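Undergrad: To start, I am sharing the structure in question, which I have written as structure tokens.
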Amino acid sequence: MASSELSNNIRRLRFENGEMTQQQLADKVGVTRQTIIAIEAGKYAPSLPLAFRIARTFNVPIEQVFQYEDR
Amino acid sequence: MNRLQKMALYNLIVIAIVLLIVVLVVGLIYHYQGLQEAREAIPLAGLFGLLGLSGVLFRKKRGGTDFDERDQLILRKSTAVAYSVFWVAWIAASMTIWAVLRRRGTVRVDILPIMVLIGGLIVVTVQSVAILAQYGWGGKCGKQ
């Protein structure tokens with residue numbers, strides 16, 4: 001479940017979007033705050049639909065939210 | 001802690017307490033009165049039925065999300081691990097009985113329900129431990 005190759009900018013994007021809290025983001029994308037915490041910490045790789053929902057919440061392409069490093 | 005973690009923790013606490021009570025009572029009766037009387041106390045294991053209350057005690061939240069894709073994945077993985085352990089234990093127990101008693105041996109009729117009970121306890125225990133482990137034992141990642 002942990003994904004060291006997948007990094008993300010969710011924390012930065014939250015602060016750039018009116019200092020959105022983890023709970024607010026969780027409510028918008030329909031998951032629990034625990035899941036947002038796990039994704040931000042790189043401990044959980046979200047499903048594609050959830051990744052798209054997060055990107056759409058910030059109005060950015062998915063590549064700006066998640067980066068995959070080939071190791 | 002979310003609902004799944006609370007249910008897992010509740011299950012482990014109930015199993016630990018009931019197991020302690022059953023072992024103590026059966027052990028004491030065996031010590032003072034003998035094996036036959038001790039067997040009469042085994043129905044105390046019915047207290048494991050308290051496990052069924054977890055769904056009532058920890059109800060789903062109205063509105064909002066309290067179970068998402070990550071929780072679903074954790075539950076699925078934990079269940080798979082639990083049934084794998086159960087299967088290995090079940091086969092090992094069956095083979096051990098066979099190896100010990102050989103072809104002409106017989107198993108008392110009250111052993112089967114106890115085996116089923118132990119099997120169920122293995123599933124619930126391993127599943128609960130796996131759930132708590134995957135959430136990080138309620139640590140930083142497990143906080144709600």
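Letters for chains follow the order of the structure tokens (A, B, ...), residue numbers begin at 1 for each chain, and ligand numbers begin at 1 in the order shown.
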Give me the chain A side of the contact with chain B, cut-off 12 Å, one line per residue showing its nearest atom pair and distance in Å at one decimal, counting only C-alpha atoms, sorted by chain and residue number, as CSV.

TA:
```
residue,atom,partner,partner_atom,distance
A:Met1,CA,B:Leu73,CA,8.7
A:Ala2,CA,B:Gln134,CA,10.1
A:Gln22,CA,B:Gln144,CA,10.6
A:Gln23,CA,B:Gln144,CA,9.5
A:Gln24,CA,B:Gly64,CA,11.2
A:Leu25,CA,B:Thr65,CA,12.0
A:Ala26,CA,B:Thr65,CA,8.5
A:Asp27,CA,B:Gly64,CA,7.1
A:Lys28,CA,B:Gly64,CA,10.2
A:Val29,CA,B:Thr65,CA,9.8
A:Gly30,CA,B:Thr65,CA,6.2
A:Val31,CA,B:Asp68,CA,5.3
A:Thr32,CA,B:Thr65,CA,5.8
A:Arg33,CA,B:Gln144,CA,6.4
A:Gln34,CA,B:Gln144,CA,5.7
A:Thr35,CA,B:Arg70,CA,6.6
A:Ile36,CA,B:Cys141,CA,9.5
A:Ile37,CA,B:Cys141,CA,6.4
A:Ala38,CA,B:Cys141,CA,6.0
A:Ile39,CA,B:Cys141,CA,9.8
A:Glu40,CA,B:Cys141,CA,10.2
A:Ala41,CA,B:Cys141,CA,8.4
A:Gly42,CA,B:Cys141,CA,10.7
A:Lys43,CA,B:Cys141,CA,8.5
A:Tyr44,CA,B:Arg70,CA,7.8
A:Ala45,CA,B:Arg70,CA,9.1
A:Pro46,CA,B:Arg70,CA,7.8
A:Ser47,CA,B:Glu69,CA,7.9
A:Leu48,CA,B:Glu69,CA,11.2
A:Pro49,CA,B:Glu69,CA,10.5
A:Leu50,CA,B:Glu69,CA,8.9
A:Ala51,CA,B:Glu69,CA,11.8
```

Undergrad: DSSP on the backbone, alpha helix (DSSP H) only: what residues of chain B does that give? Format it as a ChimeraX atom specification.

TA: /B:3-33,35-39,54-57,69-101,111-134

Undergrad: DSSP says strand (DSSP E or B) for which residues of chain A? Put them as a PDB file with N, CA and C atoms, in the first residue's frame?

TA:
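Okay, selection.pdb is ready:
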```
ATOM      1  N   LEU A   6       5.798   7.229  -5.542  1.00  0.00           N
ATOM      2  CA  LEU A   6       4.780   8.242  -5.814  1.00  0.00           C
ATOM      3  C   LEU A   6       4.894   9.391  -4.812  1.00  0.00           C
ATOM      4  N   SER A   7       5.223  10.566  -5.344  1.00  0.00           N
ATOM      5  CA  SER A   7       5.260  11.729  -4.448  1.00  0.00           C
ATOM      6  C   SER A   7       4.106  12.650  -4.814  1.00  0.00           C
ATOM      7  N   ASN A   8       3.818  13.605  -3.961  1.00  0.00           N
ATOM      8  CA  ASN A   8       2.679  14.486  -4.264  1.00  0.00           C
ATOM      9  C   ASN A   8       2.883  15.873  -3.661  1.00  0.00           C
ATOM     10  N   PHE A  66       0.467  14.622  -8.499  1.00  0.00           N
ATOM     11  CA  PHE A  66       1.242  13.396  -8.241  1.00  0.00           C
ATOM     12  C   PHE A  66       2.386  13.261  -9.237  1.00  0.00           C
ATOM     13  N   GLN A  67       3.544  12.843  -8.742  1.00  0.00           N
ATOM     14  CA  GLN A  67       4.687  12.566  -9.596  1.00  0.00           C
ATOM     15  C   GLN A  67       5.142  11.131  -9.355  1.00  0.00           C
ATOM     16  N   TYR A  68       5.402  10.440 -10.449  1.00  0.00           N
ATOM     17  CA  TYR A  68       5.854   9.059 -10.332  1.00  0.00           C
ATOM     18  C   TYR A  68       7.307   8.971 -10.780  1.00  0.00           C
TER      19      TYR A  68
END
```

Undergrad: Could you produce a table of the residues of segment 71-114 of chain B lying within 12 Å of segment 35-40 of chain B, with the nearest pair of atoms per residue and their separation in Å rounded to one decimal, using only C-alpha atoms, ordered by chain and increasing residue number, as CSV?

TA:
```
residue,atom,partner,partner_atom,distance
B:Asp110,CA,B:Arg39,CA,9.9
B:Ile111,CA,B:Arg39,CA,11.2
B:Ile114,CA,B:Arg39,CA,11.5
```

Undergrad: Keeping only N, CA and C atoms, take the residues you just selected and write them out as a short mmCIF file (atom, residue, chain, number, x, y, z; two decimals), in the first residue's frame.

TA:
```
data_model
loop_
_atom_site.label_atom_id
_atom_site.label_comp_id
_atom_site.auth_asym_id
_atom_site.auth_seq_id
_atom_site.Cartn_x
_atom_site.Cartn_y
_atom_site.Cartn_z
N ASP B 110 -17.66 -33.41 21.01
CA ASP B 110 -17.59 -32.02 21.49
C ASP B 110 -16.30 -31.31 21.06
N ILE B 111 -15.40 -32.04 20.40
CA ILE B 111 -14.16 -31.41 19.93
C ILE B 111 -14.44 -30.52 18.71
N ILE B 114 -15.54 -27.01 19.35
CA ILE B 114 -14.42 -26.25 19.93
C ILE B 114 -13.43 -25.87 18.83
#
```

Undergrad: Using only C-alpha atoms, which residues sit within 12 Å of Gln64 of chain A once same-chain residues fewer than 6 positions away are excluded, as a ChimeraX atom specification?

TA: /A:7-10,12-13,51-52,54-56,58

Undergrad: Neighbouring residues of Gln127 of chain B were defined as those with any atom within 12 Å, considering only C-alpha atoms; residues of the same chain fewer than 2 positions away were excluded. Please report them as a PyMOL selection string.

TA: chain B and resi 4-5+7-9+11-12+74-86+120-125+129-134

Undergrad: Store the residues picked out above in a file with N, CA and C atoms, as a short mmCIF file (atom, residue, chain, number, x, y, z; two decimals), in the first residue's frame.

TA:
```cif
data_model
loop_
_atom_site.label_atom_id
_atom_site.label_comp_id
_atom_site.auth_asym_id
_atom_site.auth_seq_id
_atom_site.Cartn_x
_atom_site.Cartn_y
_atom_site.Cartn_z
N LEU B 4 -13.51 1.21 11.97
CA LEU B 4 -12.89 -0.10 11.76
C LEU B 4 -11.84 -0.38 12.83
N GLN B 5 -11.06 0.63 13.18
CA GLN B 5 -10.05 0.46 14.22
C GLN B 5 -10.69 0.18 15.58
N MET B 7 -13.60 -1.15 16.14
CA MET B 7 -14.17 -2.51 16.14
C MET B 7 -13.07 -3.54 16.32
N ALA B 8 -11.93 -3.32 15.67
CA ALA B 8 -10.81 -4.27 15.80
C ALA B 8 -10.30 -4.30 17.24
N LEU B 9 -10.17 -3.12 17.82
CA LEU B 9 -9.68 -3.03 19.20
C LEU B 9 -10.67 -3.67 20.17
N ASN B 11 -12.78 -6.06 19.48
CA ASN B 11 -12.70 -7.52 19.29
C ASN B 11 -11.53 -8.11 20.07
N LEU B 12 -10.37 -7.45 19.97
CA LEU B 12 -9.19 -7.97 20.67
C LEU B 12 -9.37 -7.93 22.19
N ILE B 74 -7.76 -2.02 3.31
CA ILE B 74 -7.21 -2.54 4.58
C ILE B 74 -8.05 -3.71 5.08
N LEU B 75 -9.37 -3.56 5.00
CA LEU B 75 -10.27 -4.63 5.45
C LEU B 75 -10.09 -5.88 4.59
N ARG B 76 -9.97 -5.67 3.26
CA ARG B 76 -9.83 -6.80 2.35
C ARG B 76 -8.51 -7.56 2.61
N LYS B 77 -7.43 -6.79 2.77
CA LYS B 77 -6.12 -7.42 3.03
C LYS B 77 -6.14 -8.17 4.36
N SER B 78 -6.72 -7.54 5.37
CA SER B 78 -6.76 -8.15 6.70
C SER B 78 -7.56 -9.44 6.67
N THR B 79 -8.68 -9.43 5.94
CA THR B 79 -9.53 -10.62 5.85
C THR B 79 -8.78 -11.73 5.12
N ALA B 80 -8.05 -11.37 4.07
CA ALA B 80 -7.28 -12.38 3.32
C ALA B 80 -6.21 -13.01 4.21
N VAL B 81 -5.51 -12.17 4.97
CA VAL B 81 -4.47 -12.68 5.88
C VAL B 81 -5.11 -13.59 6.93
N ALA B 82 -6.25 -13.13 7.49
CA ALA B 82 -6.93 -13.90 8.55
C ALA B 82 -7.34 -15.28 8.05
N TYR B 83 -7.93 -15.34 6.87
CA TYR B 83 -8.38 -16.65 6.36
C TYR B 83 -7.20 -17.53 5.94
N SER B 84 -6.10 -16.91 5.52
CA SER B 84 -4.91 -17.71 5.19
C SER B 84 -4.37 -18.37 6.45
N VAL B 85 -4.27 -17.59 7.53
CA VAL B 85 -3.78 -18.14 8.80
C VAL B 85 -4.74 -19.22 9.31
N PHE B 86 -6.04 -18.93 9.21
CA PHE B 86 -7.05 -19.90 9.64
C PHE B 86 -6.88 -21.22 8.88
N GLY B 120 -12.82 -19.64 14.44
CA GLY B 120 -13.43 -18.31 14.39
C GLY B 120 -12.61 -17.28 15.14
N LEU B 121 -12.10 -17.69 16.29
CA LEU B 121 -11.28 -16.77 17.09
C LEU B 121 -9.98 -16.42 16.37
N ILE B 122 -9.42 -17.40 15.66
CA ILE B 122 -8.19 -17.12 14.89
C ILE B 122 -8.49 -16.07 13.82
N VAL B 123 -9.61 -16.26 13.11
CA VAL B 123 -9.97 -15.31 12.05
C VAL B 123 -10.13 -13.90 12.62
N VAL B 124 -10.94 -13.78 13.68
CA VAL B 124 -11.22 -12.45 14.24
C VAL B 124 -9.95 -11.82 14.81
N THR B 125 -9.14 -12.63 15.52
CA THR B 125 -7.92 -12.09 16.13
C THR B 125 -6.94 -11.61 15.07
N VAL B 129 -5.78 -7.74 14.42
CA VAL B 129 -4.37 -7.32 14.53
C VAL B 129 -3.89 -6.73 13.20
N ALA B 130 -4.28 -7.38 12.09
CA ALA B 130 -3.85 -6.90 10.78
C ALA B 130 -4.43 -5.50 10.48
N ILE B 131 -5.68 -5.29 10.89
CA ILE B 131 -6.31 -3.97 10.69
C ILE B 131 -5.53 -2.91 11.47
N LEU B 132 -5.29 -3.18 12.75
CA LEU B 132 -4.58 -2.19 13.58
C LEU B 132 -3.16 -1.97 13.07
N ALA B 133 -2.51 -3.04 12.62
CA ALA B 133 -1.13 -2.90 12.12
C ALA B 133 -1.11 -2.04 10.86
N GLN B 134 -2.06 -2.24 9.97
CA GLN B 134 -2.06 -1.47 8.72
C GLN B 134 -2.38 0.01 8.95
#
```

Undergrad: Which value, in Å to one decimal, gives the distance between atom CA of Phe48 of chain B and atom CA of Leu117 of chain B?

TA: 9.0 Å

Undergrad: Using only C-alpha atoms, which protein or nucleic acid residues come within 12 Å of Ile21 of chain B? Drop anything in the same chain fewer than 2 positions from it, and give the result as a PDB file with C-alpha atoms, in the first residue's frame.

TA:
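This went into result_28.pdb:
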```pdb
ATOM      1  CA  VAL B  14     -13.270  -9.042  24.246  1.00  0.00           C
ATOM      2  CA  ILE B  15     -11.206 -12.037  23.073  1.00  0.00           C
ATOM      3  CA  ALA B  16      -8.484 -11.348  25.650  1.00  0.00           C
ATOM      4  CA  ILE B  17     -10.922 -10.896  28.562  1.00  0.00           C
ATOM      5  CA  VAL B  18     -13.182 -13.846  27.696  1.00  0.00           C
ATOM      6  CA  LEU B  19     -10.170 -16.100  27.036  1.00  0.00           C
ATOM      7  CA  VAL B  23      -8.994 -20.357  31.092  1.00  0.00           C
ATOM      8  CA  LEU B  24      -9.156 -19.230  34.742  1.00  0.00           C
ATOM      9  CA  VAL B  25     -12.536 -20.803  35.492  1.00  0.00           C
ATOM     10  CA  VAL B  26     -11.852 -24.051  33.622  1.00  0.00           C
ATOM     11  CA  GLY B  27      -8.357 -24.221  35.147  1.00  0.00           C
ATOM     12  CA  LEU B  28      -9.622 -23.672  38.695  1.00  0.00           C
ATOM     13  CA  ALA B  41     -17.574 -24.810  32.310  1.00  0.00           C
ATOM     14  CA  ILE B  42     -16.635 -24.741  28.635  1.00  0.00           C
ATOM     15  CA  PRO B  43     -20.012 -23.209  27.597  1.00  0.00           C
ATOM     16  CA  LEU B  44     -18.662 -20.055  29.280  1.00  0.00           C
ATOM     17  CA  ALA B  45     -17.010 -19.597  25.898  1.00  0.00           C
ATOM     18  CA  GLY B  46     -20.440 -18.411  24.767  1.00  0.00           C
ATOM     19  CA  LEU B  47     -19.277 -15.036  26.120  1.00  0.00           C
ATOM     20  CA  PHE B  48     -17.381 -14.742  22.833  1.00  0.00           C
TER      21      PHE B  48
END
```

Undergrad: Please compute the atom CA of Ser54 of chain B-atom CA of Trp87 of chain B distance, one decimal, in Å.

TA: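 Pair atom CA of Ser54 of chain B / atom CA of Trp87 of chain B returns 24.5 Å.
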
Undergrad: So what do you get for atom CA of Val109 of chain B versus atom CA of Ala92 of chain B, distance-wise?

TA: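 Between atom CA of Val109 of chain B and atom CA of Ala92 of chain B the gap is 19.2 Å.
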